[in-house]
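What follows is the content of query_7.cif (mmCIF, C-alpha atoms).
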```
data_upload
loop_
_atom_site.label_atom_id
_atom_site.label_comp_id
_atom_site.auth_asym_id
_atom_site.auth_seq_id
_atom_site.Cartn_x
_atom_site.Cartn_y
_atom_site.Cartn_z
CA MET D 405 0.00 0.00 0.00
CA ILE D 406 2.78 2.41 0.97
CA ARG D 407 4.57 1.66 -2.28
CA THR D 408 1.46 2.31 -4.35
CA LEU D 409 0.78 5.57 -2.57
CA GLY D 410 4.40 6.63 -2.98
CA LEU D 411 4.25 5.86 -6.66
CA ILE D 412 1.04 7.83 -7.17
CA SER D 413 2.43 10.77 -5.20
CA ALA D 414 5.59 10.72 -7.29
CA LEU D 415 3.53 10.72 -10.46
CA CYS D 416 1.46 13.66 -9.21
CA GLY D 417 4.60 15.52 -8.20
CA LEU D 418 5.99 15.01 -11.66
CA ILE D 419 2.84 16.46 -13.27
CA ILE D 420 2.93 19.52 -11.00
CA VAL D 421 6.62 20.18 -11.65
CA GLY D 422 5.99 19.81 -15.37
CA ALA D 423 3.11 22.28 -15.27
CA TYR D 424 5.12 24.74 -13.18
CA GLN D 425 8.14 24.62 -15.46
CA GLY D 426 6.02 24.78 -18.57
CA THR D 427 4.18 27.93 -17.52
CA LEU D 428 6.90 29.70 -15.54
CA ASP D 429 8.04 32.05 -18.32
CA ALA D 430 4.54 32.93 -19.47
CA VAL D 431 3.38 33.61 -15.89
CA ALA D 432 6.39 35.81 -15.12
CA ALA D 433 5.91 37.72 -18.39
CA ASN D 434 2.19 38.18 -17.63
CA LYS D 435 2.86 39.48 -14.14
CA ARG D 436 5.45 41.92 -15.46
CA ILE D 437 3.12 43.20 -18.17
CA ALA D 438 0.28 43.66 -15.68
CA LEU D 439 2.54 45.53 -13.28
CA GLU D 440 4.06 47.71 -16.00
CA ARG D 441 0.62 48.54 -17.30
CA SER D 442 -0.43 49.79 -13.87
CA VAL D 443 2.77 51.83 -13.59
CA PHE D 444 2.24 53.42 -17.00
CA LYS D 445 -1.32 54.22 -15.97
CA VAL D 446 -0.21 56.47 -13.13
CA MET D 447 2.81 57.76 -15.10
CA PRO D 448 1.35 58.19 -18.60
CA ALA D 449 4.33 60.19 -19.90
CA ALA D 450 6.84 57.49 -18.97
CA LYS D 451 8.86 55.85 -21.72
CA SER D 452 10.77 53.36 -19.59
CA ILE D 453 10.64 52.14 -16.02
CA ALA D 454 13.08 50.54 -13.61
CA GLU D 455 12.32 48.63 -10.47
CA PHE D 456 13.89 49.65 -7.15
CA VAL D 457 13.69 48.56 -3.53
CA ALA D 458 13.76 50.65 -0.39
CA THR D 459 15.20 48.63 2.47
CA PRO D 460 14.23 49.15 6.13
CA ASP D 461 17.65 50.70 6.90
CA GLY D 462 16.77 53.67 4.69
CA LYS D 463 18.67 52.73 1.54
CA VAL D 464 17.42 52.65 -2.02
CA ALA D 465 18.85 50.29 -4.62
CA GLU D 466 17.93 48.99 -8.03
CA LEU D 467 16.26 45.61 -7.81
CA ASN D 468 18.22 42.69 -9.15
CA GLY D 469 16.86 39.25 -8.58
CA ASN D 470 14.83 38.77 -5.42
CA SER D 471 13.93 41.66 -3.18
CA PRO D 472 15.39 41.44 0.34
CA ALA D 473 13.05 40.75 3.25
CA GLY D 474 11.06 43.72 4.51
CA ALA D 475 11.97 45.83 1.50
CA GLN D 476 9.41 47.97 -0.26
CA ARG D 477 9.38 47.74 -4.03
CA PHE D 478 8.69 50.71 -6.23
CA PHE D 479 9.20 51.86 -9.78
CA ALA D 480 11.03 54.83 -11.17
CA ALA D 481 9.58 56.17 -14.40
CA TYR D 482 11.72 57.93 -17.01
CA GLY D 483 10.83 60.10 -19.97
CA ALA D 484 12.15 59.71 -23.51
CA ASP D 485 15.30 61.69 -22.64
CA GLY D 486 16.03 59.48 -19.61
CA LYS D 487 14.94 62.17 -17.16
CA LEU D 488 13.31 60.97 -13.94
CA LEU D 489 9.59 61.74 -14.18
CA GLY D 490 8.38 60.23 -10.99
CA VAL D 491 7.95 57.19 -8.84
CA ALA D 492 5.15 54.65 -8.73
CA ALA D 493 4.54 52.48 -5.69
CA GLU D 494 1.91 50.09 -4.52
CA GLY D 495 -0.14 50.34 -1.36
CA SER D 496 -2.94 48.28 0.06
CA ALA D 497 -5.54 48.60 2.77
CA LYS D 498 -8.61 46.73 3.89
CA GLY D 499 -11.67 47.77 1.93
CA TYR D 500 -15.26 46.65 2.20
CA ALA D 501 -14.80 43.11 0.87
CA ASP D 502 -11.09 42.46 0.75
CA SER D 503 -7.89 44.42 0.58
CA VAL D 504 -7.81 47.14 -2.07
CA ARG D 505 -4.45 47.30 -3.83
CA ILE D 506 -3.66 50.52 -5.59
CA MET D 507 -0.70 51.94 -7.46
CA PHE D 508 0.03 55.62 -7.03
CA GLY D 509 2.37 57.97 -8.82
CA TYR D 510 4.57 60.42 -6.90
CA ASP D 511 6.20 63.48 -8.37
CA PRO D 512 9.44 64.29 -6.49
CA GLU D 513 9.62 67.80 -8.01
CA GLY D 514 6.15 68.89 -6.93
CA LYS D 515 6.21 66.62 -3.86
CA HIS D 516 2.71 65.39 -4.52
CA ILE D 517 0.77 62.34 -5.68
CA THR D 518 -0.04 62.52 -9.39
CA GLY D 519 -2.60 59.79 -9.88
CA ILE D 520 -3.80 56.38 -8.81
CA GLY D 521 -4.75 53.14 -10.48
CA VAL D 522 -6.37 50.06 -8.96
CA VAL D 523 -4.22 46.93 -9.08
CA ALA D 524 -6.67 44.52 -7.49
CA MET D 525 -9.86 44.72 -5.48
CA ARG D 526 -13.08 42.83 -4.86
CA GLU D 527 -15.34 45.71 -3.91
CA THR D 528 -19.04 45.70 -4.63
CA PRO D 529 -19.72 46.26 -8.34
CA GLY D 530 -21.57 49.50 -8.94
CA ILE D 531 -20.66 50.93 -5.53
CA GLY D 532 -17.06 50.34 -4.47
CA ASP D 533 -15.78 50.16 -8.03
CA LYS D 534 -16.62 53.84 -8.46
CA ILE D 535 -13.07 54.48 -7.27
CA ILE D 536 -11.99 53.44 -10.77
CA THR D 537 -14.53 55.50 -12.70
CA ASP D 538 -15.68 58.45 -10.57
CA ALA D 539 -14.02 61.49 -12.18
CA ALA D 540 -14.59 63.75 -9.17
CA PHE D 541 -12.91 61.22 -6.88
CA LEU D 542 -9.98 60.68 -9.23
CA ALA D 543 -9.48 64.46 -9.38
CA ASN D 544 -8.42 64.24 -5.69
CA PHE D 545 -5.23 62.55 -6.75
CA GLU D 546 -4.09 64.92 -9.46
CA ALA D 547 -2.08 66.97 -6.96
CA LEU D 548 -2.51 65.31 -3.58
CA ASP D 549 -0.05 66.91 -1.19
CA ALA D 550 2.60 64.47 0.08
CA LYS D 551 5.28 66.79 1.51
CA LEU D 552 7.61 65.43 4.15
CA ASN D 553 8.13 67.17 7.48
CA ALA D 554 11.29 69.11 8.27
CA ASP D 555 13.46 66.17 9.36
CA LEU D 556 12.19 63.95 6.51
CA SER D 557 10.94 61.25 8.88
CA ALA D 558 7.25 61.22 7.94
CA LEU D 559 4.67 63.05 5.88
CA ALA D 560 4.11 66.61 7.01
CA ASN D 561 0.36 66.01 6.82
CA GLU D 562 -1.22 62.61 7.01
CA ILE D 563 -3.12 61.77 3.83
CA ARG D 564 -6.70 61.18 4.89
CA THR D 565 -10.02 60.47 3.32
CA VAL D 566 -12.68 62.83 4.61
CA LYS D 567 -16.44 62.69 4.35
CA HIS D 568 -17.90 63.64 0.99
CA GLY D 569 -17.96 67.41 0.55
CA THR D 570 -15.72 68.31 3.49
CA LYS D 571 -12.33 68.38 1.78
CA LYS D 572 -10.42 71.52 2.83
CA ASP D 573 -6.72 70.83 2.45
CA ALA D 574 -4.53 69.59 -0.36
CA TRP D 575 -3.69 66.39 1.55
CA GLN D 576 -7.28 65.35 2.03
CA ILE D 577 -9.29 63.04 -0.19
CA ASP D 578 -12.96 63.74 -0.74
CA ALA D 579 -14.73 60.38 -0.31
CA ILE D 580 -17.32 59.13 -2.77
CA SER D 581 -20.73 59.44 -1.21
CA GLY D 582 -22.03 55.90 -0.64
CA ALA D 583 -18.62 54.29 -1.07
CA THR D 584 -16.92 55.76 1.98
CA ILE D 585 -15.28 52.53 3.15
CA THR D 586 -13.64 51.89 -0.19
CA SER D 587 -12.61 55.56 -0.49
CA ARG D 588 -11.09 55.38 2.96
CA ALA D 589 -9.17 52.25 2.02
CA VAL D 590 -7.63 54.12 -0.90
CA GLY D 591 -6.54 56.97 1.38
CA LYS D 592 -5.11 54.60 3.96
CA ALA D 593 -3.30 52.57 1.31
CA ILE D 594 -1.60 55.70 -0.06
CA ASN D 595 -0.83 57.07 3.38
CA ASP D 596 0.66 53.82 4.72
CA ALA D 597 2.82 53.27 1.66
CA ALA D 598 3.90 56.92 1.44
CA GLN D 599 4.73 57.15 5.15
CA THR D 600 7.20 54.27 4.89
CA LEU D 601 8.51 54.83 1.38
CA LEU D 602 8.94 58.58 1.02
CA PRO D 603 11.27 59.16 4.02
CA LYS D 604 13.65 56.62 2.47
CA LEU D 605 13.12 57.74 -1.08
CA VAL D 606 13.46 61.51 -0.89
CA PRO D 607 17.04 61.64 0.53
CA ASN D 608 18.09 59.11 -2.09
CA LEU D 609 16.53 60.61 -5.18
CA GLU D 610 19.93 60.88 -6.88
CA THR D 611 20.20 57.07 -6.92
CA LEU D 612 17.14 56.97 -9.16
CA ARG D 613 18.46 59.40 -11.74
CA LYS D 614 19.98 57.45 -14.57
CA PRO D 615 23.63 58.14 -15.33
CA ALA D 616 23.39 60.03 -18.61
CA MET A 1307 -20.43 -4.96 -32.99
CA LYS A 1308 -19.48 -1.36 -33.47
CA GLN A 1309 -22.94 0.12 -33.40
CA PRO A 1310 -23.94 -0.65 -29.79
CA VAL A 1311 -20.64 0.68 -28.42
CA LEU A 1312 -21.15 3.95 -30.24
CA ILE A 1313 -24.65 4.35 -28.89
CA SER A 1314 -23.58 3.58 -25.37
CA ASN A 1315 -20.73 6.09 -25.63
CA MET A 1316 -23.22 8.72 -26.75
CA GLU A 1317 -25.52 7.77 -23.91
CA GLU A 1318 -22.61 7.90 -21.51
CA PHE A 1319 -21.89 11.44 -22.69
CA MET A 1320 -25.50 12.65 -22.67
CA GLU A 1321 -25.94 11.30 -19.15
CA GLY A 1322 -24.07 14.29 -17.73
CA VAL A 1323 -25.31 16.84 -20.26
CA TRP A 1324 -28.99 16.23 -19.71
CA LYS A 1325 -30.30 13.39 -17.56
CA GLN A 1326 -27.88 13.86 -14.67
CA ASN A 1327 -26.93 17.47 -15.32
CA PRO A 1328 -24.73 18.35 -12.34
CA VAL A 1329 -26.10 21.87 -11.92
CA PHE A 1330 -29.79 21.56 -12.73
CA VAL A 1331 -30.60 17.97 -11.83
CA MET A 1332 -28.08 16.89 -9.19
CA VAL A 1333 -27.56 20.45 -7.87
CA LEU A 1334 -23.88 19.78 -7.20
CA GLY A 1335 -20.93 22.16 -7.25
CA MET A 1336 -23.03 25.14 -6.22
CA CYS A 1337 -20.09 27.03 -4.75
CA PRO A 1338 -18.37 27.89 -8.06
CA THR A 1339 -21.75 27.96 -9.82
CA LEU A 1340 -22.97 30.85 -7.74
CA ALA A 1341 -19.69 32.61 -7.12
CA VAL A 1342 -17.96 32.98 -10.46
CA THR A 1343 -20.91 33.33 -12.82
CA VAL A 1344 -20.94 37.14 -12.87
CA SER A 1345 -20.00 37.12 -16.55
CA THR A 1346 -20.19 34.75 -19.47
CA LEU A 1347 -16.43 34.70 -19.88
CA ASN A 1348 -15.83 33.79 -16.23
CA ALA A 1349 -18.45 31.06 -16.45
CA LEU A 1350 -16.92 29.62 -19.61
CA SER A 1351 -13.38 29.68 -18.20
CA MET A 1352 -14.50 28.07 -14.97
CA GLY A 1353 -16.36 25.42 -16.94
CA LEU A 1354 -13.33 24.66 -19.09
CA ALA A 1355 -10.97 24.55 -16.09
CA THR A 1356 -13.29 22.15 -14.29
CA ALA A 1357 -13.67 20.10 -17.46
CA PHE A 1358 -9.92 19.62 -17.75
CA VAL A 1359 -9.58 18.59 -14.11
CA LEU A 1360 -12.59 16.30 -14.31
CA ILE A 1361 -11.59 14.50 -17.49
CA ALA A 1362 -7.91 14.19 -16.61
CA SER A 1363 -8.46 13.02 -13.05
CA CYS A 1364 -11.21 10.57 -14.04
CA GLY A 1365 -8.90 9.16 -16.71
CA LEU A 1366 -6.05 8.72 -14.24
CA VAL A 1367 -8.26 7.34 -11.47
CA SER A 1368 -9.69 4.86 -13.95
CA LEU A 1369 -6.22 3.81 -15.13
CA LEU A 1370 -5.07 3.30 -11.56
CA ARG A 1371 -8.34 1.82 -10.29
CA LYS A 1372 -6.81 -1.64 -9.83
CA VAL A 1373 -3.70 -0.42 -7.98
CA ILE A 1374 -5.27 2.11 -5.64
CA PRO A 1375 -5.73 0.46 -2.22
CA LYS A 1376 -9.37 0.54 -1.27
CA GLU A 1377 -8.77 1.89 2.24
CA VAL A 1378 -7.11 5.09 1.07
CA ARG A 1379 -8.90 5.60 -2.22
CA ILE A 1380 -10.53 8.93 -1.31
CA ALA A 1381 -7.19 10.39 -0.23
CA THR A 1382 -5.66 9.17 -3.47
CA TYR A 1383 -8.46 10.71 -5.56
CA ILE A 1384 -8.02 14.03 -3.79
CA LEU A 1385 -4.28 13.89 -4.45
CA ILE A 1386 -4.85 13.22 -8.14
CA ILE A 1387 -7.52 15.93 -8.40
CA ALA A 1388 -5.34 18.44 -6.56
CA THR A 1389 -2.50 17.73 -8.97
CA PHE A 1390 -4.57 18.63 -12.00
CA VAL A 1391 -6.05 21.66 -10.25
CA THR A 1392 -2.53 22.93 -9.60
CA ALA A 1393 -1.70 22.43 -13.27
CA VAL A 1394 -4.83 24.37 -14.30
CA ASP A 1395 -3.98 27.08 -11.80
CA TYR A 1396 -0.59 27.62 -13.45
CA ALA A 1397 -2.12 27.42 -16.92
CA ILE A 1398 -4.68 30.14 -16.16
CA GLN A 1399 -1.98 32.38 -14.71
CA ALA A 1400 -0.03 31.89 -17.90
CA ILE A 1401 -3.02 32.62 -20.14
CA SER A 1402 -4.42 35.69 -18.42
CA LEU A 1403 -3.78 37.24 -15.03
CA ALA A 1404 -6.99 39.26 -15.27
CA LEU A 1405 -8.95 36.05 -15.59
CA TYR A 1406 -6.95 34.53 -12.74
CA ASP A 1407 -7.89 37.46 -10.50
CA ALA A 1408 -11.54 37.26 -11.55
CA LEU A 1409 -11.81 33.56 -10.71
CA GLY A 1410 -9.79 34.04 -7.54
CA ALA A 1411 -9.82 31.28 -4.97
CA PHE A 1412 -12.37 29.30 -6.93
CA ILE A 1413 -9.70 27.77 -9.14
CA GLN A 1414 -8.04 26.15 -6.14
CA LEU A 1415 -11.46 25.24 -4.80
CA ILE A 1416 -12.05 22.98 -7.81
CA VAL A 1417 -10.26 20.42 -5.61
CA VAL A 1418 -13.26 20.17 -3.33
CA ASN A 1419 -15.85 20.38 -6.11
CA CYS A 1420 -18.08 17.45 -5.29
CA ILE A 1421 -18.82 16.74 -8.95
CA ILE A 1422 -15.23 15.66 -9.48
CA LEU A 1423 -14.81 13.54 -6.39
CA GLY A 1424 -18.28 12.13 -6.99
CA ARG A 1425 -17.42 11.10 -10.55
CA ALA A 1426 -14.10 9.59 -9.45
CA GLU A 1427 -15.76 7.52 -6.74
CA ALA A 1428 -19.01 6.62 -8.44
CA HIS A 1429 -17.91 6.09 -12.01
CA ALA A 1430 -14.19 6.29 -12.83
CA SER A 1431 -13.13 3.83 -10.13
CA LYS A 1432 -15.42 1.16 -11.58
CA ASN A 1433 -15.02 1.65 -15.34
CA PRO A 1434 -12.21 1.46 -17.90
CA PRO A 1435 -10.54 4.74 -18.93
CA LEU A 1436 -12.46 5.43 -22.15
CA PRO A 1437 -16.01 5.27 -20.77
CA ALA A 1438 -14.85 7.02 -17.61
CA MET A 1439 -13.45 9.91 -19.61
CA ILE A 1440 -16.49 10.09 -21.87
CA ASN A 1441 -18.73 10.20 -18.84
CA ALA A 1442 -16.51 12.89 -17.32
CA ALA A 1443 -16.63 14.87 -20.58
CA GLY A 1444 -20.42 14.71 -20.51
CA MET A 1445 -20.52 15.87 -16.90
CA SER A 1446 -18.12 18.70 -17.75
CA ALA A 1447 -20.27 19.75 -20.68
CA GLY A 1448 -23.34 19.69 -18.43
CA PHE A 1449 -21.54 21.73 -15.77
CA THR A 1450 -20.28 24.25 -18.33
CA ILE A 1451 -23.77 24.61 -19.80
CA GLY A 1452 -25.11 25.20 -16.29
CA LEU A 1453 -22.48 27.86 -15.57
CA LEU A 1454 -23.08 29.53 -18.93
CA ALA A 1455 -26.84 29.57 -18.34
CA LEU A 1456 -26.27 31.50 -15.12
CA GLY A 1457 -23.38 33.63 -16.34
CA THR A 1458 -25.11 34.83 -19.50
CA VAL A 1459 -28.30 35.86 -17.73
CA ARG A 1460 -26.41 37.58 -14.91
CA GLU A 1461 -24.12 39.45 -17.30
CA ILE A 1462 -26.97 40.60 -19.54
CA LEU A 1463 -29.14 41.81 -16.67
CA GLY A 1464 -26.42 42.92 -14.30
CA ALA A 1465 -24.12 44.74 -16.70
CA GLY A 1466 -26.10 45.04 -19.91
CA THR A 1467 -23.33 43.31 -21.84
CA LEU A 1468 -22.63 39.94 -23.38
CA LEU A 1469 -19.00 38.80 -23.47
CA GLY A 1470 -18.09 42.42 -22.80
CA PHE A 1471 -20.09 43.89 -25.72
CA SER A 1472 -22.75 46.37 -24.78
CA LEU A 1473 -26.23 45.14 -25.70
CA PHE A 1474 -28.65 47.89 -24.80
CA GLY A 1475 -26.66 51.08 -25.23
CA PRO A 1476 -25.65 53.60 -22.57
CA GLN A 1477 -29.15 54.51 -21.40
CA PHE A 1478 -29.62 51.00 -19.92
CA GLN A 1479 -29.51 51.04 -16.13
CA PRO A 1480 -28.00 47.65 -15.15
CA TRP A 1481 -29.49 45.63 -12.30
CA VAL A 1482 -26.39 45.56 -10.15
CA ILE A 1483 -28.04 43.10 -7.78
CA MET A 1484 -27.68 40.42 -10.44
CA LEU A 1485 -23.90 40.62 -10.10
CA LEU A 1486 -24.09 40.40 -6.32
CA PRO A 1487 -24.55 37.10 -4.47
CA PRO A 1488 -28.38 37.41 -4.21
CA GLY A 1489 -28.57 37.68 -8.00
CA GLY A 1490 -26.83 34.32 -8.28
CA PHE A 1491 -29.50 32.71 -6.15
CA PHE A 1492 -32.30 34.42 -8.08
CA VAL A 1493 -31.03 33.22 -11.44
CA LEU A 1494 -30.24 29.71 -10.17
CA GLY A 1495 -33.71 29.51 -8.64
CA GLY A 1496 -35.24 30.60 -11.94
CA TRP A 1497 -33.39 27.93 -13.91
CA LEU A 1498 -34.18 25.19 -11.39
CA LEU A 1499 -37.84 26.18 -11.54
CA LEU A 1500 -37.77 25.97 -15.32
CA PHE A 1501 -36.15 22.52 -15.23
CA ALA A 1502 -38.52 21.20 -12.59
CA TRP A 1503 -41.51 22.52 -14.53
CA TYR A 1504 -40.27 20.90 -17.72
CA GLU A 1505 -39.67 17.55 -16.00
CA LYS A 1506 -43.11 17.65 -14.43
CA ARG A 1507 -44.77 18.38 -17.75
CA LYS A 1508 -42.85 15.56 -19.42
CA GLN A 1509 -43.87 13.14 -16.71
CA GLY A 1510 -47.47 14.26 -16.99
CA ARG A 1511 -47.41 13.65 -20.75
CA LEU A 1512 -46.04 10.15 -20.25
CA GLY A 1513 -48.94 9.44 -17.93
CA GLY A 1514 -46.57 8.75 -15.05
CA GLU A 1515 -47.43 9.78 -11.56
CA VAL A 1516 -46.33 13.30 -10.77
CA GLN A 1517 -43.94 13.29 -7.89
CA HIS A 1518 -44.30 15.86 -5.20
CA VAL A 1519 -41.12 16.71 -3.44
#
```

Translate this structure into structure tokens?
Amino acid sequence: MIRTLGLISALCGLIIVGAYQGTLDAVAANKRIALERSVFKVMPAAKSIAEFVATPDGKVAELNGNSPAGAQRFFAAYGADGKLLGVAAEGSAKGYADSVRIMFGYDPEGKHITGIGVVAMRETPGIGDKIITDAAFLANFEALDAKLNADLSALANEIRTVKHGTKKDAWQIDAISGATITSRAVGKAINDAAQTLLPKLVPNLETLRKPA
Amino acid sequence: MKQPVLISNMEEFMEGVWKQNPVFVMVLGMCPTLAVTVSTLNALSMGLATAFVLIASCGLVSLLRKVIPKEVRIATYILIIATFVTAVDYAIQAISLALYDALGAFIQLIVVNCIILGRAEAHASKNPPLPAMINAAGMSAGFTIGLLALGTVREILGAGTLLGFSLFGPQFQPWVIMLLPPGGFFVLGGWLLLFAWYEKRKQGRLGGEVQHV
């Protein structure tokens, strides 16, 4: 009995390894395309992108191979002349149904968020998915303030989602009426990611600029 | 000699498509049926993924039916089914990540789809590979038809589109509820009602006693 079971398990293992090897390249290519597409969405002017990691000790380095543990991955976007246009990073927060994963663009010159795109979410169709289509909501992110404080340790003003119609400051996000939980998740996702990434990124901006 | 075999193969196939349709007659595999049928494309992909797992695992179970020790047969079936599910999981990731995200956990959950385990235990473990696979193909076709029946209705009513193409123009206000879980139950209930009504009428025509359930 043991021998039979062992044999069947070995056969199954063989099939799985075969399937994994056979699809590995296509899956990796697909994931890269999906990720690049979401980067280009928040950085429409970009001509090329490069992937970087920000490590917990405050360093920034170009990603080669696997990212080290605890590191935050982000993308630098370059224009046709190789000039650094901005940075795109991913953030996620709990929404209504599941975590909402968004990609946001950051402009180091203007020190503000330039746009967002949804990477993955399972929010209610017709309600939560307004964060993709609602033009008034998306306008929040065209110049969302993300300045750092004086000693570059955190954002000067926490990015927050406020109740629909009560937005006063440039770092606030006006929630979609009826989709407050999802709107809040977007704000929290950006804030969490920006709070950890930007203090490491801003002092190291030179690393991102391509050697001409 | 050839003729009877052909007929029985056809019957074997039609068993799952119509007489024992897994969705409408046996009401099995409701979890993916209700969860992924928000669009025709999702329903079709789920049907095809399940079909591959069902046919491949029934074929393998049937091939190994004489070596599998009786005491651990269920564990062995699950192992075989899980293997093919993993293969399908990789294949869908390779074909389209968007589709993979849309189907979500329900690809992995094919492992516990009772249609597959049921077929392995009730049919494949007792029959030679060819009939077992034909029977599995019929069941898969029946399951896919069931998913499509739900997916098409839910997509048309819930989004006003069919396979992504707009049907009614921009002034159509979609019934979002059809895309939400309750909509799945509504549409499934509607189809089951239709099937039950049809069966009852057929029985009445044949003069048989109408069964009350």

query: On this structure, which residues satisfy the PyMOL selection byres ((chain A) within 6 of (chain D)), written as a PyMOL selection string?
result: chain A and resi 1389+1393+1399-1400

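Distances here use all atoms listed in the file; by that measure, the residue among A:Ile1421, A:Ile1380, A:Leu1347, A:Leu1366 closest to Gly1448 in chain A is A:Ile1421.
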
task: Mind giving me the straight-line distance from CA of Ala501 in chain D to CA of Ala589 in chain D in Å, one decimal?
output: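 One can read the CA of Ala501 in chain D to CA of Ala589 in chain D distance as 10.8 Å.
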
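By chain and then residue number, the residues within 12 Å of Lys1372 in chain A are D:Thr408, A:Leu1366, A:Val1367, A:Ser1368, A:Leu1369, A:Pro1375, A:Lys1376, A:Arg1379, A:Ala1430, A:Ser1431, A:Lys1432, A:Asn1433, A:Pro1434, A:Pro1435, counting all atoms listed in the file and disregarding those fewer than 3 positions away in sequence.
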
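Our summary of the geometry notes that CA of Thr1450 in chain A is positioned 22.1 Å from CA of Ser1314 in chain A.
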
- request: Report as a list in words the full result of the PyMOL selection byres ((chain D and resi 549) around 8) when it is applied to this structure.
  value: Lys515, His516, Ile517, Ala547, Leu548, Ala550, Lys551, Ile563, Ala574 and Trp575 of chain D

Residue subset to file, keeping C-alpha atoms, as a PDB file, in the coordinates of the input:
```pdb
ATOM      1  CA  LYS D 515       6.210  66.620  -3.860  1.00  0.00           C
ATOM      2  CA  HIS D 516       2.710  65.390  -4.520  1.00  0.00           C
ATOM      3  CA  ILE D 517       0.770  62.340  -5.680  1.00  0.00           C
ATOM      4  CA  ALA D 547      -2.080  66.970  -6.960  1.00  0.00           C
ATOM      5  CA  LEU D 548      -2.510  65.310  -3.580  1.00  0.00           C
ATOM      6  CA  ALA D 550       2.600  64.470   0.080  1.00  0.00           C
ATOM      7  CA  LYS D 551       5.280  66.790   1.510  1.00  0.00           C
ATOM      8  CA  ILE D 563      -3.120  61.770   3.830  1.00  0.00           C
ATOM      9  CA  ALA D 574      -4.530  69.590  -0.360  1.00  0.00           C
ATOM     10  CA  TRP D 575      -3.690  66.390   1.550  1.00  0.00           C
TER      11      TRP D 575
END
```

task: Please write the residues picked by the PyMOL selection byres ((chain D and resi 590) around 12) on this file as a VMD selection string.
output: chain D and resid 494 to 500 503 to 508 519 to 525 527 532 to 536 541 to 542 544 to 545 563 to 566 576 to 580 583 to 589 591 to 597

- request: Within 12 Å of Met1336 in chain A, counting only C-alpha atoms, which residues show up once you throw out same-chain ones fewer than 6 positions away? Write them as JSON, numbers by chain, please.
  value: {"A": [1328, 1329, 1330, 1342, 1343, 1412, 1415, 1416, 1418, 1419, 1420, 1421, 1449, 1452, 1453, 1456, 1490, 1491, 1494, 1495]}

field: Nearest to Leu1486 in chain A, chosen from A:Arg1460, A:Val1333, A:Pro1437, A:Ala1408, with all atoms listed in the file counted in the distances
entry: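 Of A:Arg1460, A:Val1333, A:Pro1437, A:Ala1408, the one nearest Leu1486 in chain A, counting all atoms listed in the file, is A:Arg1460.
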
Write out as an mmCIF file with C-alpha atoms, in the frame of the given file the residues lying within 9 Å of Val1493 in chain A, counting all atoms listed in the file and excluding same-chain residues fewer than 4 positions away.
```cif
data_model
loop_
_atom_site.group_PDB
_atom_site.id
_atom_site.type_symbol
_atom_site.label_atom_id
_atom_site.label_comp_id
_atom_site.auth_asym_id
_atom_site.auth_seq_id
_atom_site.Cartn_x
_atom_site.Cartn_y
_atom_site.Cartn_z
ATOM 1 C CA ALA A 1455 -26.840 29.570 -18.340
ATOM 2 C CA LEU A 1456 -26.270 31.500 -15.120
ATOM 3 C CA VAL A 1459 -28.300 35.860 -17.730
ATOM 4 C CA ARG A 1460 -26.410 37.580 -14.910
ATOM 5 C CA MET A 1484 -27.680 40.420 -10.440
ATOM 6 C CA PRO A 1488 -28.380 37.410 -4.210
ATOM 7 C CA GLY A 1489 -28.570 37.680 -8.000
ATOM 8 C CA TRP A 1497 -33.390 27.930 -13.910
ATOM 9 C CA LEU A 1498 -34.180 25.190 -11.390
#
```

message: List as a count of residues only the protein and nucleic acid residues near Val1394 in chain A, meaning an atom at most 8 Å away when all atoms listed in the file are counted, but skip any in the same chain fewer than 5 places from it.
response: 4

- prompt: Using only C-alpha atoms, what residues lie at most 10 Å away from (16.0, 60.1, -22.7) (file coordinates), given as a ChimeraX atom specification?
  reply: /D:451-452,482-488,614,616

- request: For CA of Leu559 in chain D and CA of Ala492 in chain D, quote the distance in Å rounded to one decimal.
  value: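 Going from CA of Leu559 in chain D over to CA of Ala492 in chain D, I get 16.9 Å.
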
- prompt: Neighbours of Ser581 in chain D within 9 Å (all atoms listed in the file; same-chain residues fewer than 5 positions away dropped), as a PyMOL selection string?
  reply: chain D and resi 567-569

To box range 1394-1406 of chain A, take all atoms listed in the file, fit an axis-aligned box, add 8 Å on each side, and give centre and edge lengths in Å to one decimal, as AutoDock Vina command-line options.
```
--center_x -4.5 --center_y 31.8 --center_z -16.0 --size_x 24.9 --size_y 30.9 --size_z 24.3
```

Reconstructed N, CA and C atoms for range 558-562 of chain D, given as a PDB file, in the frame of the given file:
```pdb
ATOM      1  N   ALA D 558       8.629  61.635   8.224  1.00  0.00           N
ATOM      2  CA  ALA D 558       7.250  61.220   7.940  1.00  0.00           C
ATOM      3  C   ALA D 558       6.601  62.303   7.092  1.00  0.00           C
ATOM      4  N   LEU D 559       5.393  62.031   6.636  1.00  0.00           N
ATOM      5  CA  LEU D 559       4.670  63.050   5.880  1.00  0.00           C
ATOM      6  C   LEU D 559       4.350  64.231   6.790  1.00  0.00           C
ATOM      7  N   ALA D 560       4.433  65.431   6.218  1.00  0.00           N
ATOM      8  CA  ALA D 560       4.110  66.610   7.010  1.00  0.00           C
ATOM      9  C   ALA D 560       2.638  66.569   7.431  1.00  0.00           C
ATOM     10  N   ASN D 561       1.783  66.123   6.506  1.00  0.00           N
ATOM     11  CA  ASN D 561       0.360  66.010   6.820  1.00  0.00           C
ATOM     12  C   ASN D 561      -0.097  64.622   6.393  1.00  0.00           C
ATOM     13  N   GLU D 562      -0.724  63.943   7.309  1.00  0.00           N
ATOM     14  CA  GLU D 562      -1.220  62.610   7.010  1.00  0.00           C
ATOM     15  C   GLU D 562      -2.265  62.681   5.887  1.00  0.00           C
TER      16      GLU D 562
END
```
